[in-house]
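File shown: start-v6.txt. Contents: compact mmCIF, C-alpha atoms.
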# COMPACT_ATOMS: atom_id res chain seq x y z
CA MET U 1 0.00 0.00 0.00
CA PHE U 2 2.84 2.43 0.87
CA LEU U 3 5.37 0.94 -1.50
CA ALA U 4 5.15 3.88 -3.89
CA ASN U 5 5.97 6.36 -1.12
CA GLN U 6 9.03 4.45 0.16
CA GLY U 7 12.02 6.77 0.23
CA LEU U 8 9.89 9.89 -0.07
CA LEU U 9 9.40 10.35 3.70
CA PRO U 10 9.86 13.90 5.04
CA PRO U 11 13.23 14.61 6.72
CA ILE U 12 13.42 14.16 10.53
CA ASP U 13 13.26 17.40 12.48
CA GLU U 14 16.10 16.90 14.99
CA LYS U 15 14.97 19.85 17.14
CA ALA U 16 11.48 18.39 17.48
CA GLU U 17 12.95 14.97 18.35
CA ARG U 18 15.10 16.48 21.13
CA ILE U 19 12.08 18.31 22.55
CA LEU U 20 10.01 15.09 22.46
CA LYS U 21 12.70 13.06 24.24
CA GLY U 22 13.29 15.82 26.77
CA VAL U 23 9.56 16.03 27.63
CA LYS U 24 9.29 12.24 28.03
CA SER U 25 12.42 11.93 30.17
CA ARG U 26 11.40 14.87 32.37
CA ASP U 27 7.96 13.37 32.86
CA SER U 28 9.21 9.89 33.76
CA TYR U 29 12.62 10.51 35.35
CA GLY U 30 12.52 14.11 36.54
CA LEU U 31 13.32 13.40 40.19
CA VAL U 32 16.12 10.98 39.38
CA MET U 33 17.69 13.25 36.79
CA SER U 34 17.78 16.12 39.25
CA ALA U 35 19.36 13.90 41.88
CA VAL U 36 22.03 12.63 39.46
CA GLU U 37 22.85 16.15 38.27
CA LYS U 38 23.13 17.31 41.88
CA SER U 39 25.41 14.38 42.80
CA GLN U 40 27.66 15.09 39.81
CA ALA U 41 27.82 18.78 40.74
CA ILE U 42 28.86 17.82 44.30
CA LYS U 43 31.65 15.55 43.05
CA GLN U 44 32.88 18.16 40.56
CA HIS U 45 32.91 20.84 43.24
CA GLU U 46 34.85 18.61 45.65
CA ALA U 47 37.36 17.65 42.95
CA GLN U 48 38.05 21.27 42.06
CA SER U 49 38.28 22.56 45.64
CA ARG U 50 41.07 20.28 46.90
CA PRO U 51 43.13 17.23 45.92
CA GLU U 52 41.30 13.99 46.45
CA THR U 53 42.34 11.70 49.30
CA PRO U 54 40.60 8.60 50.66
CA HIS U 55 39.22 10.70 53.51
CA ASP U 56 37.87 13.34 51.09
CA THR U 57 36.26 10.69 48.93
CA GLU U 58 34.32 9.38 51.92
CA MET U 59 33.24 12.91 52.85
CA ALA U 60 32.06 13.63 49.32
CA GLU U 61 30.00 10.49 49.24
CA SER U 62 28.49 11.03 52.67
CA ALA U 63 27.56 14.73 52.45
CA ALA U 64 25.61 17.10 50.21
CA LEU U 65 25.94 20.83 49.61
CA GLY U 66 23.12 23.15 50.69
CA SER U 67 21.88 26.18 48.77
CA ASP U 68 24.38 28.42 50.57
CA GLY U 69 27.32 26.11 49.86
CA ALA U 70 27.44 24.74 53.45
CA MET U 71 28.06 21.02 53.98
CA LEU U 72 24.97 19.17 55.17
CA PRO U 73 25.38 16.11 57.42
CA TYR U 74 24.70 12.74 55.90
CA ASN U 75 23.12 9.82 57.71
CA PRO U 76 25.13 6.71 56.83
CA GLY U 77 22.15 4.49 57.64
CA SER U 78 20.21 6.01 54.74
CA MET U 79 20.70 5.49 51.02
CA ALA U 80 20.00 9.16 50.27
CA ALA U 81 21.46 12.48 51.42
CA PRO U 82 19.19 15.10 53.05
CA ALA U 83 16.95 17.17 50.81
CA THR U 84 18.35 20.57 49.82
CA PRO U 85 16.13 23.46 51.03
CA GLY U 86 14.35 25.12 48.14
CA ALA U 87 15.10 22.41 45.58
CA GLN U 88 11.88 21.01 44.13
CA GLY U 89 10.93 18.63 41.37
CA PRO U 90 8.18 19.03 38.77
CA THR U 91 5.51 18.00 41.27
CA GLY U 92 6.68 20.50 43.89
CA ALA U 93 8.13 17.82 46.20
CA ALA U 94 11.55 18.32 47.74
CA ILE U 95 14.35 16.61 45.86
CA THR U 96 16.44 14.03 47.75
CA ALA U 97 19.90 13.58 46.29
CA THR U 98 20.78 9.90 45.91
CA VAL U 99 24.40 9.42 46.94
CA PRO U 100 26.02 6.09 46.04
CA ARG U 101 27.26 4.16 49.08
CA ARG U 102 30.65 2.51 49.08
CA PRO U 103 30.65 -1.23 49.72
CA PRO U 104 31.78 -2.03 53.29
CA ALA U 105 35.50 -2.70 53.39
CA ALA U 106 36.76 -5.88 55.08
CA PRO U 107 38.47 -4.91 58.37
CA ARG U 108 42.23 -5.33 58.36
CA PRO U 109 43.34 -8.14 60.69
CA LYS U 110 45.44 -7.34 63.72
CA TRP U 111 49.05 -8.48 63.50
CA HIS U 112 49.94 -11.40 65.76
CA ALA U 113 53.38 -12.83 66.35
CA PRO U 114 53.91 -16.38 65.03
CA TRP U 115 54.05 -19.21 67.55
CA LYS U 116 56.81 -21.81 67.87
CA LEU U 117 57.39 -25.00 69.84
CA PHE U 118 58.99 -24.26 73.20
CA ARG U 119 58.95 -27.49 75.21
CA VAL U 120 57.95 -31.16 74.87
CA ILE U 121 56.99 -33.07 78.03
CA SER U 122 56.85 -36.87 78.17
CA GLY U 123 55.53 -38.98 81.00
CA HIS U 124 52.14 -40.44 80.12
CA LEU U 125 51.88 -44.01 78.82
CA GLY U 126 48.80 -43.41 76.63
CA TRP U 127 47.07 -40.79 74.52
CA VAL U 128 46.88 -37.53 76.47
CA ARG U 129 43.22 -36.50 76.21
CA CYS U 130 42.69 -33.39 78.38
CA VAL U 131 44.45 -30.46 80.05
CA ALA U 132 43.56 -27.76 82.58
CA VAL U 133 45.61 -24.84 83.95
CA GLU U 134 45.45 -23.78 87.60
CA PRO U 135 44.08 -20.22 88.20
CA GLY U 136 47.34 -19.16 89.85
CA ASN U 137 49.22 -20.11 86.66
CA GLU U 138 51.81 -22.19 88.55
CA TRP U 139 50.89 -25.69 87.40
CA PHE U 140 48.65 -27.59 85.00
CA ALA U 141 47.04 -31.03 85.00
CA THR U 142 46.70 -33.58 82.20
CA GLY U 143 44.65 -36.76 81.90
CA ALA U 144 45.41 -39.66 79.60
CA ALA U 145 44.45 -43.11 78.39
CA ASP U 146 46.82 -44.59 81.00
CA ARG U 147 44.07 -43.70 83.57
CA VAL U 148 46.45 -41.32 85.43
CA ILE U 149 46.08 -37.59 86.11
CA LYS U 150 49.48 -35.89 86.22
CA ILE U 151 50.21 -32.43 87.60
CA TRP U 152 53.14 -30.55 86.06
CA ASP U 153 55.03 -27.41 87.01
CA LEU U 154 54.25 -24.85 84.31
CA ALA U 155 57.59 -23.01 84.55
CA THR U 156 59.91 -26.01 84.44
CA GLY U 157 57.75 -28.80 82.98
CA LYS U 158 58.64 -31.16 85.84
CA LEU U 159 56.17 -33.68 87.24
CA LYS U 160 54.80 -32.73 90.67
CA VAL U 161 52.28 -35.49 91.46
CA SER U 162 50.34 -38.35 89.85
CA LEU U 163 46.71 -39.05 90.81
CA THR U 164 45.31 -42.55 90.30
CA GLY U 165 41.70 -43.55 90.74
CA HIS U 166 40.05 -43.74 87.34
CA VAL U 167 39.72 -47.19 85.80
CA SER U 168 39.49 -45.98 82.21
CA THR U 169 40.67 -43.07 80.00
CA VAL U 170 40.48 -39.65 81.66
CA ARG U 171 38.60 -37.36 79.23
CA GLY U 172 38.01 -34.09 81.09
CA LEU U 173 39.64 -31.92 83.77
CA GLU U 174 38.64 -28.66 85.47
CA VAL U 175 40.39 -26.73 88.28
CA SER U 176 38.16 -24.68 90.59
CA PRO U 177 39.13 -20.99 90.91
CA ARG U 178 37.47 -20.72 94.37
CA HIS U 179 38.31 -24.01 96.06
CA PRO U 180 41.36 -26.31 96.16
CA TYR U 181 39.43 -28.80 94.01
CA LEU U 182 40.25 -30.62 90.79
CA PHE U 183 37.36 -32.24 88.90
CA SER U 184 37.86 -35.11 86.50
CA CYS U 185 35.70 -37.35 84.31
CA GLY U 186 36.41 -40.39 82.19
CA GLU U 187 35.19 -43.24 80.08
CA ASP U 188 34.49 -45.21 83.28
CA ARG U 189 31.28 -43.08 83.69
CA GLN U 190 32.74 -41.44 86.80
CA VAL U 191 32.93 -37.77 87.71
CA LYS U 192 35.30 -37.17 90.62
CA CYS U 193 36.21 -34.24 92.85
CA TRP U 194 39.81 -34.27 94.12
CA ASP U 195 40.93 -32.31 97.18
CA LEU U 196 44.36 -30.99 96.19
CA GLU U 197 45.41 -30.42 99.79
CA TYR U 198 45.28 -34.18 100.40
CA ASN U 199 45.44 -35.42 96.77
CA LYS U 200 42.43 -37.63 97.43
CA VAL U 201 38.97 -38.07 95.94
CA ILE U 202 36.39 -36.53 98.27
CA ARG U 203 33.22 -36.70 96.11
CA HIS U 204 31.74 -38.82 93.33
CA TYR U 205 28.92 -37.61 91.10
CA HIS U 206 26.87 -40.63 90.02
CA GLY U 207 24.29 -40.51 87.23
CA HIS U 208 25.85 -40.82 83.80
CA LEU U 209 24.92 -43.99 81.94
CA SER U 210 27.98 -44.05 79.68
CA ALA U 211 31.39 -42.47 79.12
CA VAL U 212 31.75 -38.83 80.22
CA TYR U 213 33.62 -36.74 77.64
CA ALA U 214 33.44 -33.13 78.82
CA LEU U 215 33.48 -31.06 82.04
CA ALA U 216 32.86 -27.37 82.73
CA LEU U 217 32.65 -25.31 85.92
CA HIS U 218 30.30 -22.35 86.12
CA PRO U 219 32.42 -19.20 86.70
CA SER U 220 30.20 -17.68 89.41
CA ILE U 221 27.98 -20.46 90.84
CA ASP U 222 29.17 -23.63 92.59
CA VAL U 223 27.81 -25.98 89.93
CA LEU U 224 29.60 -28.47 87.71
CA VAL U 225 28.35 -29.54 84.28
CA SER U 226 29.35 -32.83 82.69
CA ALA U 227 28.34 -34.38 79.37
CA GLY U 228 29.05 -37.54 77.47
CA ARG U 229 27.99 -40.49 75.37
CA ASP U 230 24.52 -40.82 76.92
CA ALA U 231 23.53 -37.66 74.92
CA THR U 232 22.84 -35.65 78.08
CA ALA U 233 24.51 -32.89 80.03
CA ARG U 234 24.12 -33.07 83.80
CA VAL U 235 24.32 -30.12 86.18
CA TRP U 236 25.67 -30.99 89.65
CA ASP U 237 25.77 -29.07 92.90
CA VAL U 238 29.46 -29.21 93.77
CA ARG U 239 28.98 -29.57 97.54
CA THR U 240 25.84 -31.69 97.89
CA LYS U 241 26.52 -33.88 94.82
CA ALA U 242 22.86 -33.38 93.83
CA ASN U 243 21.92 -33.71 90.15
CA VAL U 244 20.26 -30.28 89.75
CA HIS U 245 19.31 -30.66 86.06
CA THR U 246 19.60 -33.27 83.36
CA LEU U 247 19.73 -31.43 80.05
CA THR U 248 18.20 -33.70 77.40
CA GLY U 249 17.54 -32.97 73.76
CA HIS U 250 20.63 -34.01 71.83
CA GLY U 251 20.31 -37.11 69.69
CA ASP U 252 23.90 -38.32 69.99
CA THR U 253 27.07 -38.02 72.08
CA VAL U 254 27.65 -34.60 73.65
CA ALA U 255 31.35 -34.03 72.94
CA ALA U 256 31.84 -30.35 73.79
CA LEU U 257 30.70 -28.17 76.67
CA SER U 258 31.22 -24.58 77.81
CA CYS U 259 29.92 -22.44 80.66
CA GLN U 260 29.70 -18.67 81.12
CA ALA U 261 28.07 -16.30 83.60
CA ALA U 262 25.81 -14.53 81.06
CA GLU U 263 22.97 -16.03 79.05
CA PRO U 264 23.19 -18.61 77.60
CA GLN U 265 24.97 -20.02 80.62
CA ILE U 266 25.61 -23.47 79.13
CA ILE U 267 26.50 -24.29 75.50
CA THR U 268 26.79 -27.88 74.27
CA GLY U 269 28.00 -29.37 70.98
CA SER U 270 27.08 -32.86 69.87
CA HIS U 271 27.79 -35.57 67.33
CA ASP U 272 24.23 -34.97 66.06
CA SER U 273 25.73 -31.85 64.33
CA THR U 274 23.79 -29.39 66.50
CA ILE U 275 24.70 -26.84 69.16
CA ARG U 276 22.28 -26.10 71.98
CA LEU U 277 22.15 -23.01 74.17
CA TRP U 278 20.71 -23.74 77.62
CA ASP U 279 18.99 -21.70 80.29
CA LEU U 280 20.56 -22.90 83.54
CA ALA U 281 17.74 -21.64 85.78
CA ALA U 282 14.98 -23.43 83.82
CA GLY U 283 17.08 -26.39 82.74
CA LYS U 284 15.72 -26.07 79.19
CA SER U 285 17.12 -25.46 75.74
CA MET U 286 16.81 -21.83 74.59
CA CYS U 287 17.99 -22.34 71.03
CA THR U 288 19.29 -25.06 68.71
CA LEU U 289 21.86 -24.17 66.01
CA THR U 290 21.79 -26.54 63.03
CA ASN U 291 24.32 -24.86 60.70
CA HIS U 292 26.99 -27.56 61.02
CA LYS U 293 26.80 -30.58 58.74
CA LYS U 294 29.05 -32.85 60.83
CA SER U 295 29.82 -33.63 64.46
CA VAL U 296 30.63 -30.68 66.72
CA ARG U 297 33.61 -31.72 68.85
CA ALA U 298 34.91 -28.41 70.25
CA LEU U 299 33.51 -25.17 71.67
CA VAL U 300 35.31 -22.11 72.99
CA ILE U 301 33.97 -18.87 74.48
CA HIS U 302 35.88 -15.63 73.91
CA PRO U 303 37.24 -14.34 77.27
CA THR U 304 36.18 -10.70 76.72
CA GLN U 305 33.67 -10.61 73.85
CA TYR U 306 30.10 -11.92 73.99
CA THR U 307 30.82 -14.50 71.28
CA PHE U 308 31.83 -18.15 70.94
CA ALA U 309 33.15 -20.53 68.29
CA SER U 310 32.32 -24.13 67.41
CA ALA U 311 34.43 -26.62 65.45
CA SER U 312 33.38 -29.37 63.08
CA PRO U 313 35.12 -31.13 60.17
CA ASP U 314 33.19 -28.90 57.73
CA ASN U 315 34.02 -25.49 59.25
CA ILE U 316 34.82 -23.51 62.34
CA LYS U 317 31.90 -21.14 62.94
CA GLN U 318 31.68 -18.04 65.10
CA TRP U 319 28.44 -17.03 66.85
CA ARG U 320 27.15 -14.04 68.75
CA CYS U 321 25.40 -14.51 72.09
CA PRO U 322 22.74 -14.67 73.43
CA GLU U 323 20.60 -15.80 70.49
CA GLY U 324 23.40 -17.64 68.65
CA LYS U 325 23.53 -15.34 65.63
CA PHE U 326 25.99 -16.59 62.99
CA ILE U 327 29.01 -14.32 62.38
CA GLN U 328 31.41 -16.06 59.98
CA ASN U 329 33.04 -19.29 58.82
CA LEU U 330 36.72 -20.10 59.30
CA SER U 331 37.71 -22.61 56.62
CA GLY U 332 41.00 -24.37 56.08
CA HIS U 333 41.13 -27.59 58.11
CA ASN U 334 40.84 -30.79 56.13
CA ALA U 335 40.54 -33.04 59.18
CA ILE U 336 38.41 -33.55 62.27
CA VAL U 337 38.91 -30.58 64.61
CA ASN U 338 39.19 -31.91 68.16
CA CYS U 339 39.93 -28.79 70.16
CA MET U 340 40.17 -25.01 70.20
CA ALA U 341 41.54 -22.30 72.49
CA VAL U 342 41.41 -18.50 72.44
CA ASN U 343 43.37 -15.91 74.42
CA PRO U 344 42.47 -12.28 75.34
CA GLU U 345 44.63 -10.99 72.46
CA GLY U 346 42.18 -12.50 69.97
CA VAL U 347 44.34 -15.46 68.88
CA LEU U 348 42.15 -18.49 68.15
CA VAL U 349 43.94 -21.84 67.79
CA SER U 350 42.39 -25.03 66.45
CA GLY U 351 43.91 -28.51 66.50
CA GLY U 352 43.10 -31.37 64.15
CA ASP U 353 43.20 -35.14 64.16
CA ASN U 354 46.11 -35.09 61.73
CA GLY U 355 48.33 -32.90 63.91
CA THR U 356 47.63 -29.63 62.11
CA MET U 357 47.30 -26.42 64.11
CA HIS U 358 45.74 -23.29 62.63
CA PHE U 359 46.13 -19.87 64.23
CA TRP U 360 43.38 -17.35 63.44
CA ASP U 361 42.67 -13.69 64.14
CA TRP U 362 39.35 -13.88 66.02
CA ARG U 363 37.84 -10.64 64.69
CA THR U 364 38.47 -11.09 60.97
CA GLY U 365 38.92 -14.87 60.65
CA TYR U 366 42.35 -14.39 59.05
CA ASN U 367 44.50 -17.54 59.23
CA PHE U 368 47.93 -16.07 60.03
CA GLN U 369 49.85 -19.30 60.76
CA ARG U 370 49.68 -23.06 60.22
CA LEU U 371 51.80 -25.62 62.04
CA GLN U 372 52.24 -29.36 61.82
CA ALA U 373 52.89 -30.78 65.29
CA PRO U 374 56.07 -32.93 65.23
CA VAL U 375 55.58 -36.49 66.50
CA GLN U 376 57.72 -37.99 69.24
CA PRO U 377 60.68 -40.01 67.88
CA GLY U 378 59.55 -43.61 67.48
CA SER U 379 55.92 -42.67 66.91
CA MET U 380 54.02 -43.15 63.68
CA ASP U 381 52.86 -40.17 61.64
CA SER U 382 49.30 -41.26 62.34
CA GLU U 383 49.92 -40.49 66.04
CA ALA U 384 50.11 -36.76 65.35
CA GLY U 385 46.55 -36.05 66.49
CA ILE U 386 45.91 -33.15 68.88
CA PHE U 387 43.21 -33.96 71.43
CA ALA U 388 43.11 -30.93 73.74
CA MET U 389 44.65 -27.49 74.07
CA THR U 390 44.46 -24.48 76.35
CA PHE U 391 46.23 -21.19 76.95
CA ASP U 392 47.74 -20.47 80.34
CA GLN U 393 46.19 -17.69 82.43
CA SER U 394 48.39 -15.03 80.81
CA GLY U 395 47.56 -16.13 77.27
CA SER U 396 51.27 -16.22 76.37
CA ARG U 397 51.77 -20.00 76.42
CA LEU U 398 49.76 -22.65 74.59
CA ILE U 399 49.62 -26.20 75.96
CA THR U 400 48.57 -29.08 73.68
CA THR U 401 48.05 -32.77 74.48
CA GLU U 402 48.57 -35.28 71.71
CA ALA U 403 48.30 -38.83 70.46
CA ASP U 404 52.08 -39.43 70.63
CA LYS U 405 51.71 -39.42 74.48
CA THR U 406 53.42 -36.04 74.84
CA ILE U 407 52.46 -32.58 76.05
CA LYS U 408 53.76 -29.68 73.96
CA ILE U 409 54.08 -26.04 75.02
CA TYR U 410 54.19 -23.26 72.43
CA LYS U 411 55.23 -19.61 72.85
CA GLU U 412 55.17 -16.53 70.65
CA ASP U 413 58.33 -15.84 68.64
CA GLU U 414 59.78 -12.79 70.42
CA THR U 415 62.11 -11.97 67.52
CA ALA U 416 59.28 -11.67 64.98
CA SER U 417 57.90 -8.33 63.81
CA GLU U 418 55.40 -7.11 61.27
CA GLU U 419 58.28 -6.59 58.82
CA THR U 420 59.67 -10.13 59.11
CA HIS U 421 56.21 -11.77 59.12
CA PRO U 422 53.87 -9.44 57.18
CA ILE U 423 50.12 -9.94 56.98
CA ASN U 424 49.17 -11.61 53.69
CA TRP U 425 45.79 -9.91 53.66
CA ARG U 426 43.37 -10.45 50.78
CA PRO U 427 39.94 -8.92 51.49
CA GLU U 428 38.24 -10.58 48.50
CA ILE U 429 39.17 -14.03 49.83
CA LEU U 430 37.86 -13.18 53.29
CA LYS U 431 34.60 -11.95 51.76
CA ARG U 432 34.16 -15.24 49.92
CA ARG U 433 34.74 -17.14 53.15
CA LYS U 434 32.07 -15.19 54.99
CA PHE U 435 29.32 -15.41 52.42
Kindly return the structure encoded in the file as C-alpha cells.
Amino acid sequence: MFLANQGLLPPIDEKAERILKGVKSRDSYGLVMSAVEKSQAIKQHEAQSRPETPHDTEMAESAALGSDGAMLPYNPGSMAAPATPGAQGPTGAAITATVPRRPPAAPRPKWHAPWKLFRVISGHLGWVRCVAVEPGNEWFATGAADRVIKIWDLATGKLKVSLTGHVSTVRGLEVSPRHPYLFSCGEDRQVKCWDLEYNKVIRHYHGHLSAVYALALHPSIDVLVSAGRDATARVWDVRTKANVHTLTGHGDTVAALSCQAAEPQIITGSHDSTIRLWDLAAGKSMCTLTNHKKSVRALVIHPTQYTFASASPDNIKQWRCPEGKFIQNLSGHNAIVNCMAVNPEGVLVSGGDNGTMHFWDWRTGYNFQRLQAPVQPGSMDSEAGIFAMTFDQSGSRLITTEADKTIKIYKEDETASEETHPINWRPEILKRRKF
C-alpha cells in the first residue's frame, strides 16, 4: 500500500525529536535526573576545591551541599542524602539527592606474632586426652588413656604429682578458681572431685549412663556440668553432689561443653551436628543451632567478647550470644577438629586429628599461621593427632596434648615483627569465606 511512497518520507526534524525526548524523560525521570545532576555537581565541586584523598572521597560520598554552599550532614544508615532546602521537582516535592554508598571494606586483621614449639613433656603411657591450667598459673594437669592424672610445674615442665583412681581413660579436667578442688571425668562413667590439699577423691557424682567426655565449671555459681555419650549434660551441685538438672535434647554423644556467667549459661555441641544453648535456671534449651553438617567436637567462648566458636570437620563457625547469631566461617582444616583455644589478644587456635594447628585472628577470621605438630621419635605419623589445648592464664603459652603421648608447650616468637612476618591480607578471599 505504501510501497510507492518508500524513500519519499519527510526529513526528521532533529529539534522536534530532542524536545520530544526531553519532555518524556522529564515526565518519567525528573526526580532521578535532578538527583544525578546534583550528585555530579557535588563531586565536581569537591574535585576542584582540593586534591582527592581517601578521607575526602568518603566525605564527598556522605555529604551534600546546601543552597548556601554549606556542607549538610549525611546519615550513613540512609541510602540518600538530606533534601536541599528550596530544591523542588516538577511535582513541587523536595528533591532528595541519591548518593552512592561505598561497599563495606573488610576490616584489616590485627598483626599477631607467630608461635613456635617451646617445650615437649613426656611422662604419660597413653594418649593424652585433656588439660587444665590452675588459676594461679603455677601448674597444669593432664589426663590420659593410661588412667592417670598428672600435675606438672608450668615453669619447668617437671612432674609434681600423679593421681590414680580412674579405671578408664580420663577425658576431662577442670580446676576450681574458688576451692582447692580438681574435677575429672572419664570413660568409666565417673565424675570425681579431688581435694588438692590431700590429693584424694572426696566426692563422686553418680548418674551418667555411659562415658563422660566433657566437664565445665560455672564461673560464678558452685555448679559443675558434665556431658558424654549418653547424649545428656548433667548439672551438679558441687557440695551436695545433687543432680540439679539433666539437660536432654541431643540425639547423639555430647562431645563439647562450655559455661559462662551470662545467658546462655551453658552451651553444648554434639555428634548430632547441633549446638544447643541452655537456660541454667529453667534447665531447658533456649535455642538449637543446626548450621553444622558434621559432628561438633569443640567449643570455645571468647574471654572478653560476647561471642563463641564451634568446630566441626566442615568449618569452624563463630556465633554471637545470646541468640546464637551466625558471624562467619573459618575454613582451612581438612581433618576432624578436636579442640580449640582463644586468648584475650584475639588469637584463636584449632587442633586437628592429623596434627595440624591453625592460628586465626578472632575478629576477621584471618589464618595467620599453620603448624604441623612434630611427632615424638619412634611414633608413627598417624599419632600426630591433637586432642586438647588451652592457653595459660596469661595467654602467652599454649599447651597441647597429643596422640604421641606427649604434652607440647608453644610460645610466641619474640624476635618476629610485622616486617619479618607481614600480613598476607586479601579482602576478597575473606569476603568469599564469609558469604
Which residues, protein or nucleic acid, reach to within 12 Å of (54.1, -40.7, 63.3) in the file's coordinates when using all atoms listed in the file, and can you give that as JSON, numbers by chain?
{"U": [354, 355, 372, 373, 374, 375, 376, 377, 378, 379, 380, 381, 382, 383, 384, 385, 402, 403, 404, 405]}
With a distance cut-off of 7 Å and all atoms listed in the file, select the neighbouring residues of segment 189-194 of chain U, excluding the residue or stretch itself and same-chain residues fewer than 6 positions from it, and output the selection as a PyMOL selection string.
chain U and resi 181-183+200-206+208-212
Could you pull the residues within 12 Å of Ser220 of chain U, counting all atoms listed in the file, minus those fewer than 2 positions along the same chain, as an MDAnalysis selection string?
chainID U and resid 176:178 217:218 222:224 259:262 265
Nearest to Pro109 of chain U: which of U:Thr156, U:Ser396, U:Asn367, U:Ser162 is it, counting all atoms listed in the file?
U:Asn367
Within 7 Å of segment 289-296 of chain U, which residues of segment 309-410 of chain U show up? Give each one with its shortest atom-to-atom distance in Å (one decimal) and the two atoms involved, counting all atoms listed in the file, rows by chain then rising residue number, as CSV.
residue,atom,partner,partner_atom,distance
U:Ser310,CA,U:Val296,CA,6.8
U:Ala311,CA,U:Val296,CA,5.7
U:Ser312,CA,U:Val296,CA,4.7
U:Pro313,CA,U:Lys294,CA,6.3
U:Asp314,CA,U:Lys294,CA,6.5
How would the residues just chosen look if you wrote them out with C-alpha atoms as a JSON list (two decimals), in the frame of the given file?
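Now in result-v3.json:
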[["chain", "number", "residue", "atom", "x", "y", "z"],
["U", 310, "SER", "CA", 32.32, -24.13, 67.41],
["U", 311, "ALA", "CA", 34.43, -26.62, 65.45],
["U", 312, "SER", "CA", 33.38, -29.37, 63.08],
["U", 313, "PRO", "CA", 35.12, -31.13, 60.17],
["U", 314, "ASP", "CA", 33.19, -28.90, 57.73]]
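Taking atom CA of Ser394 of chain U and atom CA of Asn424 of chain U as the two end points, the separation is 27.3 Å.
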Between atom CA of Gly283 of chain U and atom CA of Leu257 of chain U, what distance in Å does the model show, to one decimal?
15.0 Å
